[in-house]
file work33.cif (mmCIF, C-alpha atoms)
data_upload
#
loop_
_atom_site.group_PDB
_atom_site.id
_atom_site.type_symbol
_atom_site.label_atom_id
_atom_site.label_comp_id
_atom_site.auth_asym_id
_atom_site.auth_seq_id
_atom_site.Cartn_x
_atom_site.Cartn_y
_atom_site.Cartn_z
ATOM 1 C CA MET A 1234 30.336 11.781 -23.823
ATOM 2 C CA ALA A 1235 28.065 14.377 -22.269
ATOM 3 C CA VAL A 1236 26.251 14.845 -25.579
ATOM 4 C CA ALA A 1237 25.813 11.084 -25.970
ATOM 5 C CA VAL A 1238 24.421 10.741 -22.448
ATOM 6 C CA ALA A 1239 22.064 13.659 -22.991
ATOM 7 C CA SER A 1240 20.892 12.188 -26.289
ATOM 8 C CA LEU A 1241 20.291 8.801 -24.704
ATOM 9 C CA ALA A 1242 18.348 10.414 -21.871
ATOM 10 C CA ALA A 1243 16.250 12.383 -24.337
ATOM 11 C CA VAL A 1244 15.462 9.285 -26.388
ATOM 12 C CA THR A 1245 14.594 7.336 -23.225
ATOM 13 C CA LEU A 1246 12.276 10.053 -21.933
ATOM 14 C CA PHE A 1247 10.599 10.379 -25.324
ATOM 15 C CA GLY A 1248 10.104 6.628 -25.417
ATOM 16 C CA ALA A 1249 8.611 6.638 -21.925
ATOM 17 C CA TYR A 1250 6.395 9.698 -22.187
ATOM 18 C CA GLY A 1251 6.081 10.759 -25.820
ATOM 19 C CA TRP A 1252 6.102 7.799 -28.192
ATOM 20 C CA GLN A 1253 2.986 5.643 -28.468
ATOM 21 C CA PRO A 1254 3.081 2.105 -29.924
ATOM 22 C CA ALA A 1255 0.486 1.113 -32.477
ATOM 23 C CA ALA A 1256 -2.557 -0.680 -31.080
ATOM 24 C CA VAL A 1257 -4.105 -3.792 -32.591
ATOM 25 C CA ASP A 1258 -6.512 -2.590 -35.250
ATOM 26 C CA GLY A 1259 -9.579 -4.212 -36.756
ATOM 27 C CA TYR A 1260 -10.211 -6.852 -34.071
ATOM 28 C CA ARG A 1261 -13.855 -7.412 -33.238
ATOM 29 C CA SER A 1262 -14.691 -9.344 -30.085
ATOM 30 C CA ALA A 1263 -17.793 -11.510 -29.883
ATOM 31 C CA TYR A 1264 -17.856 -10.698 -26.166
ATOM 32 C CA GLU A 1265 -18.428 -6.967 -26.564
ATOM 33 C CA ASP A 1266 -21.881 -6.417 -25.112
ATOM 34 C CA SER A 1267 -23.759 -3.561 -23.422
ATOM 35 C CA TYR A 1268 -22.903 -0.152 -21.991
ATOM 36 C CA LEU A 1269 -24.006 2.014 -19.064
ATOM 37 C CA ASP A 1270 -23.085 5.685 -18.779
ATOM 38 C CA THR A 1271 -22.244 7.288 -15.442
ATOM 39 C CA PRO A 1272 -20.494 10.563 -14.583
ATOM 40 C CA GLN A 1273 -17.277 8.594 -13.987
ATOM 41 C CA ALA A 1274 -17.188 6.234 -16.943
ATOM 42 C CA ARG A 1275 -18.960 4.509 -19.775
ATOM 43 C CA PHE A 1276 -19.089 0.986 -18.389
ATOM 44 C CA HIS A 1277 -18.961 -2.068 -20.600
ATOM 45 C CA TYR A 1278 -20.843 -5.009 -19.088
ATOM 46 C CA SER A 1279 -22.916 -8.083 -19.792
ATOM 47 C CA LYS A 1280 -26.142 -9.259 -18.151
ATOM 48 C CA THR A 1281 -27.156 -12.907 -18.274
ATOM 49 C CA GLY A 1282 -29.767 -15.091 -16.576
ATOM 50 C CA SER A 1283 -32.382 -14.324 -13.935
ATOM 51 C CA GLY A 1284 -32.569 -14.444 -10.166
ATOM 52 C CA SER A 1285 -30.641 -12.745 -7.383
ATOM 53 C CA PRO A 1286 -27.899 -10.430 -8.722
ATOM 54 C CA VAL A 1287 -24.264 -11.510 -8.826
ATOM 55 C CA VAL A 1288 -21.615 -9.070 -10.069
ATOM 56 C CA LEU A 1289 -18.320 -10.370 -11.453
ATOM 57 C CA VAL A 1290 -15.225 -8.159 -11.391
ATOM 58 C CA ALA A 1291 -12.163 -9.211 -13.380
ATOM 59 C CA GLY A 1292 -8.535 -8.846 -12.337
ATOM 60 C CA GLY A 1293 -5.684 -6.690 -13.599
ATOM 61 C CA ALA A 1294 -5.087 -6.743 -17.374
ATOM 62 C CA GLN A 1295 -8.276 -8.835 -17.625
ATOM 63 C CA TRP A 1296 -11.912 -8.129 -18.502
ATOM 64 C CA LEU A 1297 -15.305 -9.801 -18.447
ATOM 65 C CA TYR A 1298 -14.078 -12.353 -21.020
ATOM 66 C CA SER A 1299 -12.176 -14.024 -18.177
ATOM 67 C CA TYR A 1300 -15.561 -15.114 -16.748
ATOM 68 C CA ARG A 1301 -16.726 -16.790 -19.985
ATOM 69 C CA ASP A 1302 -16.940 -20.197 -18.241
ATOM 70 C CA THR A 1303 -18.328 -18.774 -14.990
ATOM 71 C CA ILE A 1304 -21.274 -16.826 -16.375
ATOM 72 C CA PRO A 1305 -23.258 -19.750 -17.859
ATOM 73 C CA ALA A 1306 -22.861 -21.804 -14.665
ATOM 74 C CA LEU A 1307 -24.146 -19.018 -12.403
ATOM 75 C CA ALA A 1308 -26.821 -17.715 -14.784
ATOM 76 C CA ARG A 1309 -28.901 -20.843 -14.177
ATOM 77 C CA GLU A 1310 -29.981 -19.359 -10.832
ATOM 78 C CA HIS A 1311 -28.821 -15.733 -10.837
ATOM 79 C CA THR A 1312 -28.836 -12.559 -12.851
ATOM 80 C CA VAL A 1313 -25.137 -12.333 -13.604
ATOM 81 C CA TYR A 1314 -23.527 -8.982 -14.327
ATOM 82 C CA ALA A 1315 -19.924 -8.976 -15.510
ATOM 83 C CA VAL A 1316 -18.434 -5.485 -15.600
ATOM 84 C CA ASP A 1317 -15.210 -3.966 -16.864
ATOM 85 C CA LEU A 1318 -13.979 -1.380 -14.375
ATOM 86 C CA PRO A 1319 -11.757 1.562 -15.469
ATOM 87 C CA GLY A 1320 -8.629 0.311 -17.215
ATOM 88 C CA GLN A 1321 -10.330 -2.915 -18.296
ATOM 89 C CA GLY A 1322 -11.856 -4.052 -21.572
ATOM 90 C CA TYR A 1323 -14.148 -1.631 -23.367
ATOM 91 C CA THR A 1324 -14.903 0.673 -20.430
ATOM 92 C CA THR A 1325 -13.741 4.265 -20.933
ATOM 93 C CA VAL A 1326 -13.259 6.839 -18.191
ATOM 94 C CA LYS A 1327 -14.497 10.409 -18.327
ATOM 95 C CA GLY A 1328 -11.877 12.958 -17.324
ATOM 96 C CA ASP A 1329 -9.069 12.230 -14.892
ATOM 97 C CA PHE A 1330 -9.278 9.057 -12.821
ATOM 98 C CA ALA A 1331 -7.149 8.090 -9.808
ATOM 99 C CA TYR A 1332 -7.032 4.277 -10.332
ATOM 100 C CA ASP A 1333 -6.325 3.659 -6.641
ATOM 101 C CA ILE A 1334 -8.396 1.171 -4.664
ATOM 102 C CA PRO A 1335 -10.931 3.707 -3.291
ATOM 103 C CA ALA A 1336 -11.460 5.123 -6.793
ATOM 104 C CA MET A 1337 -11.974 1.658 -8.276
ATOM 105 C CA ALA A 1338 -14.441 0.820 -5.501
ATOM 106 C CA ARG A 1339 -16.328 4.060 -6.134
ATOM 107 C CA ALA A 1340 -16.464 3.187 -9.821
ATOM 108 C CA LEU A 1341 -17.945 -0.196 -8.913
ATOM 109 C CA GLY A 1342 -20.525 1.575 -6.778
ATOM 110 C CA SER A 1343 -21.448 3.948 -9.594
ATOM 111 C CA PHE A 1344 -21.993 0.968 -11.893
ATOM 112 C CA LEU A 1345 -24.247 -0.705 -9.318
ATOM 113 C CA ASP A 1346 -26.230 2.533 -8.991
ATOM 114 C CA ALA A 1347 -26.606 2.901 -12.747
ATOM 115 C CA ALA A 1348 -27.711 -0.740 -13.057
ATOM 116 C CA GLY A 1349 -30.296 -0.244 -10.290
ATOM 117 C CA LEU A 1350 -28.702 -2.815 -7.995
ATOM 118 C CA THR A 1351 -29.119 -2.217 -4.274
ATOM 119 C CA THR A 1352 -27.840 -5.447 -2.689
ATOM 120 C CA VAL A 1353 -25.604 -7.876 -4.575
ATOM 121 C CA SER A 1354 -23.173 -10.727 -4.290
ATOM 122 C CA LEU A 1355 -19.695 -9.767 -5.508
ATOM 123 C CA VAL A 1356 -17.155 -12.094 -7.084
ATOM 124 C CA GLY A 1357 -13.727 -10.555 -7.661
ATOM 125 C CA HIS A 1358 -10.549 -11.997 -9.096
ATOM 126 C CA SER A 1359 -7.051 -10.688 -8.267
ATOM 127 C CA TRP A 1360 -7.129 -6.860 -8.260
ATOM 128 C CA GLY A 1361 -10.861 -7.120 -8.877
ATOM 129 C CA GLY A 1362 -11.145 -8.986 -5.592
ATOM 130 C CA ALA A 1363 -9.311 -6.221 -3.736
ATOM 131 C CA TRP A 1364 -11.636 -3.583 -5.216
ATOM 132 C CA SER A 1365 -14.665 -5.698 -4.337
ATOM 133 C CA LEU A 1366 -13.339 -6.272 -0.831
ATOM 134 C CA TYR A 1367 -12.853 -2.552 -0.228
ATOM 135 C CA TYR A 1368 -16.336 -1.844 -1.555
ATOM 136 C CA ALA A 1369 -17.863 -4.503 0.723
ATOM 137 C CA GLU A 1370 -15.979 -3.180 3.748
ATOM 138 C CA HIS A 1371 -17.285 0.353 3.179
ATOM 139 C CA ASN A 1372 -20.784 -0.506 1.946
ATOM 140 C CA PRO A 1373 -21.903 -3.399 4.171
ATOM 141 C CA ALA A 1374 -25.602 -2.932 3.446
ATOM 142 C CA ARG A 1375 -25.078 -3.453 -0.286
ATOM 143 C CA VAL A 1376 -23.030 -6.679 -0.324
ATOM 144 C CA ASP A 1377 -24.467 -9.879 1.135
ATOM 145 C CA ARG A 1378 -21.846 -12.332 -0.175
ATOM 146 C CA LEU A 1379 -18.265 -11.800 -1.278
ATOM 147 C CA VAL A 1380 -16.035 -14.218 -3.183
ATOM 148 C CA LEU A 1381 -12.300 -13.568 -3.438
ATOM 149 C CA LEU A 1382 -10.486 -15.467 -6.195
ATOM 150 C CA ASP A 1383 -6.697 -15.346 -5.642
ATOM 151 C CA SER A 1384 -7.087 -11.730 -4.540
ATOM 152 C CA PRO A 1385 -4.633 -9.337 -2.933
ATOM 153 C CA GLY A 1386 -5.954 -7.278 -0.044
ATOM 154 C CA LEU A 1387 -3.559 -8.247 2.715
ATOM 155 C CA ASP A 1388 -0.818 -5.791 3.641
ATOM 156 C CA LYS A 1389 1.793 -7.964 1.949
ATOM 157 C CA PRO A 1390 4.438 -7.461 -0.763
ATOM 158 C CA LEU A 1391 3.103 -6.942 -4.280
ATOM 159 C CA ALA A 1392 3.354 -9.708 -6.851
ATOM 160 C CA SER A 1393 6.885 -9.792 -8.239
ATOM 161 C CA GLN A 1394 5.547 -10.032 -11.801
ATOM 162 C CA THR A 1395 4.392 -6.395 -11.648
ATOM 163 C CA ALA A 1396 7.448 -4.936 -9.884
ATOM 164 C CA LEU A 1397 9.082 -3.695 -13.092
ATOM 165 C CA PHE A 1398 6.090 -1.499 -13.918
ATOM 166 C CA SER A 1399 6.299 0.301 -10.578
ATOM 167 C CA VAL A 1400 9.668 1.894 -11.449
ATOM 168 C CA PRO A 1401 9.346 5.384 -13.011
ATOM 169 C CA ILE A 1402 10.406 5.628 -16.658
ATOM 170 C CA VAL A 1403 11.291 1.922 -16.693
ATOM 171 C CA GLY A 1404 7.644 0.997 -16.152
ATOM 172 C CA GLU A 1405 6.427 3.313 -18.903
ATOM 173 C CA LEU A 1406 8.995 1.899 -21.330
ATOM 174 C CA ALA A 1407 8.217 -1.692 -20.354
ATOM 175 C CA VAL A 1408 4.488 -1.373 -20.903
ATOM 176 C CA LYS A 1409 4.970 0.401 -24.231
ATOM 177 C CA LEU A 1410 7.506 -2.131 -25.497
ATOM 178 C CA MET A 1411 5.287 -5.029 -24.467
ATOM 179 C CA GLY A 1412 4.017 -6.989 -27.461
ATOM 180 C CA ARG A 1413 1.585 -9.832 -27.892
ATOM 181 C CA ALA A 1414 4.264 -12.477 -27.226
ATOM 182 C CA ASP A 1415 5.265 -10.734 -23.986
ATOM 183 C CA PHE A 1416 1.647 -10.553 -22.896
ATOM 184 C CA GLU A 1417 1.138 -14.229 -23.650
ATOM 185 C CA LYS A 1418 4.230 -15.171 -21.676
ATOM 186 C CA SER A 1419 2.923 -13.263 -18.654
ATOM 187 C CA LEU A 1420 -0.584 -14.697 -19.015
ATOM 188 C CA ARG A 1421 0.798 -18.229 -19.054
ATOM 189 C CA THR A 1422 2.285 -17.729 -15.574
ATOM 190 C CA ALA A 1423 -1.297 -17.320 -14.293
ATOM 191 C CA PHE A 1424 -2.273 -20.818 -15.475
ATOM 192 C CA ALA A 1425 -1.192 -24.281 -14.422
ATOM 193 C CA HIS A 1426 -3.036 -25.829 -17.372
ATOM 194 C CA GLN A 1427 -1.179 -24.350 -20.323
ATOM 195 C CA ASP A 1428 -3.676 -25.712 -22.836
ATOM 196 C CA ARG A 1429 -6.191 -23.188 -21.485
ATOM 197 C CA VAL A 1430 -4.064 -20.313 -22.793
ATOM 198 C CA THR A 1431 -5.362 -20.497 -26.344
ATOM 199 C CA ALA A 1432 -4.717 -18.025 -29.149
ATOM 200 C CA GLU A 1433 -8.256 -16.717 -28.564
ATOM 201 C CA ALA A 1434 -7.599 -16.201 -24.842
ATOM 202 C CA VAL A 1435 -4.542 -14.108 -25.679
ATOM 203 C CA ASP A 1436 -6.094 -12.136 -28.531
ATOM 204 C CA GLU A 1437 -9.339 -11.355 -26.685
ATOM 205 C CA THR A 1438 -7.407 -9.383 -24.084
ATOM 206 C CA TRP A 1439 -4.355 -8.227 -25.997
ATOM 207 C CA HIS A 1440 -6.374 -6.349 -28.620
ATOM 208 C CA TRP A 1441 -7.623 -3.796 -26.062
ATOM 209 C CA MET A 1442 -4.605 -4.006 -23.748
ATOM 210 C CA SER A 1443 -2.466 -2.829 -26.685
ATOM 211 C CA ARG A 1444 -4.226 0.555 -26.729
ATOM 212 C CA PRO A 1445 -2.239 3.520 -25.324
ATOM 213 C CA ASP A 1446 -4.865 4.458 -22.731
ATOM 214 C CA LYS A 1447 -5.029 0.884 -21.396
ATOM 215 C CA ARG A 1448 -1.231 0.577 -21.190
ATOM 216 C CA GLU A 1449 -1.105 3.831 -19.247
ATOM 217 C CA ALA A 1450 -3.951 2.740 -16.979
ATOM 218 C CA PHE A 1451 -2.158 -0.531 -16.194
ATOM 219 C CA VAL A 1452 0.974 1.325 -15.019
ATOM 220 C CA ARG A 1453 -1.111 3.664 -12.894
ATOM 221 C CA LEU A 1454 -2.952 0.711 -11.375
ATOM 222 C CA VAL A 1455 0.307 -1.057 -10.499
ATOM 223 C CA ARG A 1456 1.515 2.056 -8.686
ATOM 224 C CA THR A 1457 -1.625 2.847 -6.709
ATOM 225 C CA GLN A 1458 -2.740 -0.481 -5.215
ATOM 226 C CA ASP A 1459 -2.165 0.045 -1.469
ATOM 227 C CA TYR A 1460 -3.688 -2.752 0.603
ATOM 228 C CA LYS A 1461 -3.307 -1.257 4.075
ATOM 229 C CA ALA A 1462 -6.944 -0.137 4.116
ATOM 230 C CA THR A 1463 -8.379 -3.446 2.896
ATOM 231 C CA ASP A 1464 -6.201 -5.311 5.384
ATOM 232 C CA ALA A 1465 -7.377 -3.151 8.282
ATOM 233 C CA GLY A 1466 -11.028 -3.739 7.413
ATOM 234 C CA LEU A 1467 -10.917 -7.543 7.322
ATOM 235 C CA PRO A 1468 -12.078 -8.185 10.927
ATOM 236 C CA HIS A 1469 -15.110 -5.954 10.358
ATOM 237 C CA LEU A 1470 -16.323 -7.438 7.071
ATOM 238 C CA ARG A 1471 -20.028 -8.217 7.396
ATOM 239 C CA ALA A 1472 -20.615 -9.998 4.094
ATOM 240 C CA ARG A 1473 -20.444 -13.778 4.067
ATOM 241 C CA ALA A 1474 -17.104 -14.567 2.480
ATOM 242 C CA LEU A 1475 -15.703 -17.391 0.373
ATOM 243 C CA VAL A 1476 -12.010 -17.412 -0.531
ATOM 244 C CA ILE A 1477 -10.973 -19.629 -3.455
ATOM 245 C CA TRP A 1478 -7.304 -20.020 -4.342
ATOM 246 C CA GLY A 1479 -5.267 -21.933 -6.874
ATOM 247 C CA GLN A 1480 -2.788 -24.107 -5.027
ATOM 248 C CA ALA A 1481 -0.232 -23.556 -7.825
ATOM 249 C CA ASP A 1482 -0.617 -19.754 -7.927
ATOM 250 C CA GLN A 1483 2.712 -18.233 -9.021
ATOM 251 C CA TRP A 1484 1.563 -14.660 -8.373
ATOM 252 C CA LEU A 1485 0.223 -14.826 -4.815
ATOM 253 C CA PRO A 1486 0.871 -17.793 -2.507
ATOM 254 C CA ALA A 1487 -2.000 -19.971 -1.316
ATOM 255 C CA ALA A 1488 -0.929 -19.159 2.238
ATOM 256 C CA TYR A 1489 -2.690 -15.822 1.716
ATOM 257 C CA ALA A 1490 -5.986 -17.690 1.484
ATOM 258 C CA GLU A 1491 -5.390 -19.284 4.864
ATOM 259 C CA GLU A 1492 -4.690 -15.879 6.394
ATOM 260 C CA TYR A 1493 -7.918 -14.529 4.960
ATOM 261 C CA GLY A 1494 -9.649 -17.487 6.565
ATOM 262 C CA ARG A 1495 -8.214 -16.618 9.960
ATOM 263 C CA ARG A 1496 -8.966 -12.913 9.780
ATOM 264 C CA ILE A 1497 -12.337 -12.610 8.010
ATOM 265 C CA PRO A 1498 -15.166 -13.591 10.373
ATOM 266 C CA ASP A 1499 -16.630 -16.996 9.453
ATOM 267 C CA ALA A 1500 -14.920 -17.052 6.051
ATOM 268 C CA THR A 1501 -14.810 -20.295 4.072
ATOM 269 C CA VAL A 1502 -11.537 -21.146 2.319
ATOM 270 C CA LYS A 1503 -11.185 -23.539 -0.607
ATOM 271 C CA ILE A 1504 -7.792 -24.376 -2.121
ATOM 272 C CA VAL A 1505 -8.022 -25.801 -5.642
ATOM 273 C CA PRO A 1506 -5.253 -28.335 -6.341
ATOM 274 C CA GLY A 1507 -3.298 -27.947 -9.561
ATOM 275 C CA ALA A 1508 -4.744 -24.524 -10.433
ATOM 276 C CA GLY A 1509 -2.956 -21.248 -10.989
ATOM 277 C CA HIS A 1510 -3.666 -17.579 -10.304
ATOM 278 C CA ASN A 1511 -6.545 -17.344 -12.799
ATOM 279 C CA VAL A 1512 -8.236 -20.126 -10.877
ATOM 280 C CA HIS A 1513 -11.733 -19.666 -12.346
ATOM 281 C CA GLU A 1514 -10.347 -19.963 -15.893
ATOM 282 C CA ASP A 1515 -7.755 -22.597 -15.073
ATOM 283 C CA ALA A 1516 -10.133 -24.962 -13.244
ATOM 284 C CA PRO A 1517 -13.757 -23.978 -13.973
ATOM 285 C CA GLU A 1518 -14.962 -27.539 -13.456
ATOM 286 C CA GLN A 1519 -13.804 -27.278 -9.831
ATOM 287 C CA VAL A 1520 -14.517 -23.610 -9.145
ATOM 288 C CA ASN A 1521 -18.006 -23.264 -10.646
ATOM 289 C CA PRO A 1522 -19.649 -25.771 -8.258
ATOM 290 C CA LEU A 1523 -18.040 -23.980 -5.304
ATOM 291 C CA LEU A 1524 -19.412 -20.645 -6.497
ATOM 292 C CA SER A 1525 -22.872 -22.027 -7.214
ATOM 293 C CA ALA A 1526 -23.192 -23.696 -3.820
ATOM 294 C CA PHE A 1527 -22.006 -20.618 -1.917
ATOM 295 C CA LEU A 1528 -24.118 -18.085 -3.793
ATOM 296 C CA LYS A 1529 -27.377 -19.988 -3.376
ATOM 297 C CA SER A 1530 -26.862 -21.076 0.224
#

call {"tool": "encode", "arguments": {"input": "work33.cif", "output": "structure tokens"}}
result
Amino acid sequence: MAVAVASLAAVTLFGAYGWQPAAVDGYRSAYEDSYLDTPQARFHYSKTGSGSPVVLVAGGAQWLYSYRDTIPALAREHTVYAVDLPGQGYTTVKGDFAYDIPAMARALGSFLDAAGLTTVSLVGHSWGGAWSLYYAEHNPARVDRLVLLDSPGLDKPLASQTALFSVPIVGELAVKLMGRADFEKSLRTAFAHQDRVTAEAVDETWHWMSRPDKREAFVRLVRTQDYKATDAGLPHLRARALVIWGQADQWLPAAYAEEYGRRIPDATVKIVPGAGHNVHEDAPEQVNPLLSAFLKS
């Protein structure tokens, strides 16, 4: 019995920390675009349109592809930058990286520096909203407007969908055993309109998410997102703020949006009926006009 238990433990530990699943090979995305090198990372990003700069930051296990319907709408009046932060899309880190909220905010700042952007409007979805919020709280002179799309940042319990990945060994095994079908199942919980979760929408993210470094980064992100600091800074936020939330969000309740509205000075809150967590993808026809009106006002 002791030998069997020891063997099982050894196999489990090897699976969690030694074995690496094969990544999707040979996929070429039409959305791969430009790169900027900084001491922290080689950032993948896109730049579209002309006018005042707006920077879009995607959420966890997402990348700039998630803004495919947002970019054209905003590029009519703005220069729109969509950037993959560490752990997202085609961006690669240089050396060790912490993946906590301050580190992600610093990475955002290093991208803005490399792009030559001094003052911007930030739009962040989910984790990307929390990173953008922290950056705006600590760099008030560089952010004039901030949009939070179904974003954590309150000192509240984490989304239950990520709880499994926070458990040592179990989380490593879960992320390595995750396949395309598992990823699709999770992605579908972020949408109320299931027809929006097309094969392309799954493949465009799964092909890079399947890579060992991205799986590892996702686990580290799950375990390092501490919202006490972002929560404490809410009353002092100087940027004009718009909070947009999907009323049918299964990840974070729409009540969070109302709390943001009470605690961020002069914040505007918009609840989008019948939309899920990925509100900008799930209901672009409702969200894009809200973004356009706020960013040009």

call {"tool": "atom_distance", "arguments": {"input": "work33.cif", "atom1": "atom CA of A:Val1403", "atom2": "atom CA of A:His1510"}}
result
25.4 Å

call {"tool": "atom_distance", "arguments": {"input": "work33.cif", "atom1": "atom CA of A:Leu1470", "atom2": "atom CA of A:Glu1514"}}
result
26.8 Å

call {"tool": "closest_residue", "arguments": {"input": "work33.cif", "among": "A:Ile1402, A:Val1290, A:Leu1297, A:Ala1348", "to": "A:Ala1363", "atoms": "all atoms listed in the file"}}
result
A:Val1290

call {"tool": "resolve_selection", "arguments": {"input": "work33.cif", "expression": "the PyMOL selection byres ((chain A and resi 1448) around 10)", "output": "number ranges by chain"}}
result
A: 1253-1254, 1294, 1320, 1405, 1407-1409, 1411, 1441-1447, 1449-1454

call {"tool": "atom_distance", "arguments": {"input": "work33.cif", "atom1": "atom CA of A:Val1287", "atom2": "atom CA of A:Val1356"}}
result
7.3 Å

call {"tool": "residues_around", "arguments": {"input": "work33.cif", "residues": "A:Leu1382", "least_positions_apart": "5", "cutoff": "8 Å", "atoms": "all atoms listed in the file", "output": "PDB file with C-alpha atoms, in the coordinates of the input"}}
result
ATOM      1  CA  VAL A1356     -17.155 -12.094  -7.084  1.00  0.00           C
ATOM      2  CA  GLY A1357     -13.727 -10.555  -7.661  1.00  0.00           C
ATOM      3  CA  HIS A1358     -10.549 -11.997  -9.096  1.00  0.00           C
ATOM      4  CA  SER A1359      -7.051 -10.688  -8.267  1.00  0.00           C
ATOM      5  CA  GLY A1362     -11.145  -8.986  -5.592  1.00  0.00           C
ATOM      6  CA  VAL A1476     -12.010 -17.412  -0.531  1.00  0.00           C
ATOM      7  CA  ILE A1477     -10.973 -19.629  -3.455  1.00  0.00           C
ATOM      8  CA  TRP A1478      -7.304 -20.020  -4.342  1.00  0.00           C
ATOM      9  CA  ASN A1511      -6.545 -17.344 -12.799  1.00  0.00           C
ATOM     10  CA  VAL A1512      -8.236 -20.126 -10.877  1.00  0.00           C
ATOM     11  CA  HIS A1513     -11.733 -19.666 -12.346  1.00  0.00           C
TER      12      HIS A1513
END

call {"tool": "residues_around", "arguments": {"input": "work33.cif", "residues": "A:Leu1379", "least_positions_apart": "2", "cutoff": "8 Å", "atoms": "all atoms listed in the file", "output": "list in words"}}
result
Ser1354, Leu1355, Val1356, Gly1357, Ser1365, Leu1366, Ala1369, Val1376, Asp1377, Leu1381, Ala1472, Arg1473, Ala1474 and Leu1475 of chain A

call {"tool": "resolve_selection", "arguments": {"input": "work33.cif", "expression": "the PyMOL selection byres ((chain A and resi 1522) around 12)", "output": "ChimeraX atom specification"}}
result
/A:1302-1303,1305-1307,1477,1503,1505,1513,1516-1521,1523-1529

call {"tool": "residues_around", "arguments": {"input": "work33.cif", "residues": "A:Phe1344", "least_positions_apart": "5", "cutoff": "12 Å", "atoms": "only C-alpha atoms", "output": "list in words"}}
result
Tyr1268, Leu1269, Asp1270, Thr1271, Pro1272, Gln1273, Ala1274, Arg1275, Phe1276, His1277, Tyr1278, Val1288, Leu1289, Val1290, Tyr1314, Ala1315, Val1316, Asp1317, Leu1318, Pro1319, Thr1324, Met1337, Ala1338, Arg1339, Gly1349, Leu1350 and Thr1351 of chain A

call {"tool": "write_last_selection", "arguments": {"input": "work33.cif", "atoms": "C-alpha atoms", "output": "tab-separated table (two decimals), in the frame of the given file"}}
result
chain	number	residue	atom	x	y	z
A	1268	TYR	CA	-22.90	-0.15	-21.99
A	1269	LEU	CA	-24.01	2.01	-19.06
A	1270	ASP	CA	-23.08	5.68	-18.78
A	1271	THR	CA	-22.24	7.29	-15.44
A	1272	PRO	CA	-20.49	10.56	-14.58
A	1273	GLN	CA	-17.28	8.59	-13.99
A	1274	ALA	CA	-17.19	6.23	-16.94
A	1275	ARG	CA	-18.96	4.51	-19.77
A	1276	PHE	CA	-19.09	0.99	-18.39
A	1277	HIS	CA	-18.96	-2.07	-20.60
A	1278	TYR	CA	-20.84	-5.01	-19.09
A	1288	VAL	CA	-21.62	-9.07	-10.07
A	1289	LEU	CA	-18.32	-10.37	-11.45
A	1290	VAL	CA	-15.22	-8.16	-11.39
A	1314	TYR	CA	-23.53	-8.98	-14.33
A	1315	ALA	CA	-19.92	-8.98	-15.51
A	1316	VAL	CA	-18.43	-5.48	-15.60
A	1317	ASP	CA	-15.21	-3.97	-16.86
A	1318	LEU	CA	-13.98	-1.38	-14.38
A	1319	PRO	CA	-11.76	1.56	-15.47
A	1324	THR	CA	-14.90	0.67	-20.43
A	1337	MET	CA	-11.97	1.66	-8.28
A	1338	ALA	CA	-14.44	0.82	-5.50
A	1339	ARG	CA	-16.33	4.06	-6.13
A	1349	GLY	CA	-30.30	-0.24	-10.29
A	1350	LEU	CA	-28.70	-2.82	-8.00
A	1351	THR	CA	-29.12	-2.22	-4.27

call {"tool": "residues_around", "arguments": {"input": "work33.cif", "residues": "A:Leu1420", "least_positions_apart": "2", "cutoff": "12 Å", "atoms": "all atoms listed in the file", "output": "JSON, numbers by chain"}}
result
{"A": [1292, 1293, 1294, 1295, 1299, 1394, 1413, 1414, 1415, 1416, 1417, 1418, 1422, 1423, 1424, 1425, 1426, 1427, 1429, 1430, 1431, 1432, 1434, 1435, 1436, 1438, 1439, 1483, 1484, 1509, 1510, 1511, 1514, 1515]}

call {"tool": "closest_atom_pairs", "arguments": {"input": "work33.cif", "of": "stretch 1305-1418 of chain A", "to": "stretch 1465-1469 of chain A", "cutoff": "9 Å", "atoms": "all atoms listed in the file", "output": "Markdown table"}}
result
| residue | atom | partner | partner_atom | distance |
| --- | --- | --- | --- | --- |
| A:Leu1366 | CA | A:Leu1467 | CA | 8.6 |
| A:Tyr1367 | CA | A:Gly1466 | CA | 7.9 |
| A:Glu1370 | CA | A:Gly1466 | CA | 6.2 |
| A:His1371 | CA | A:Gly1466 | CA | 8.6 |
| A:Gly1386 | CA | A:Leu1467 | CA | 8.9 |
| A:Leu1387 | CA | A:Ala1465 | CA | 8.5 |
| A:Asp1388 | CA | A:Ala1465 | CA | 8.5 |

call {"tool": "closest_residue", "arguments": {"input": "work33.cif", "among": "A:Ile1304, A:Leu1485, A:Glu1265, A:Arg1471", "to": "A:Ser1393", "atoms": "all atoms listed in the file"}}
result
A:Leu1485

call {"tool": "closest_residue", "arguments": {"input": "work33.cif", "among": "A:Thr1325, A:His1440, A:Gln1458, A:Val1502", "to": "A:Trp1360", "atoms": "all atoms listed in the file"}}
result
A:Gln1458

call {"tool": "closest_residue", "arguments": {"input": "work33.cif", "among": "A:Gln1321, A:Tyr1460, A:Pro1286, A:Leu1410", "to": "A:Leu1345", "atoms": "all atoms listed in the file"}}
result
A:Pro1286

call {"tool": "closest_residue", "arguments": {"input": "work33.cif", "among": "A:Pro1506, A:Gly1284, A:Gly1412, A:Gly1361", "to": "A:Ala1255", "atoms": "all atoms listed in the file"}}
result
A:Gly1412

call {"tool": "decode", "arguments": {"input": "work33.cif", "residues": "stretch 1259-1268 of chain A", "atoms": "C-alpha atoms", "output": "mmCIF file, in the first residue's frame"}}
result
data_model
loop_
_atom_site.group_PDB
_atom_site.id
_atom_site.type_symbol
_atom_site.label_atom_id
_atom_site.label_comp_id
_atom_site.auth_asym_id
_atom_site.auth_seq_id
_atom_site.Cartn_x
_atom_site.Cartn_y
_atom_site.Cartn_z
ATOM 1 C CA GLY A 1259 0.708 25.358 -37.049
ATOM 2 C CA TYR A 1260 -2.096 27.836 -36.291
ATOM 3 C CA ARG A 1261 -1.626 31.263 -37.812
ATOM 4 C CA SER A 1262 -3.811 34.094 -36.551
ATOM 5 C CA ALA A 1263 -4.864 36.922 -38.841
ATOM 6 C CA TYR A 1264 -4.880 39.135 -35.747
ATOM 7 C CA GLU A 1265 -1.166 38.853 -35.013
ATOM 8 C CA ASP A 1266 0.137 42.366 -35.561
ATOM 9 C CA SER A 1267 3.018 44.493 -34.250
ATOM 10 C CA TYR A 1268 5.591 44.255 -31.470
#
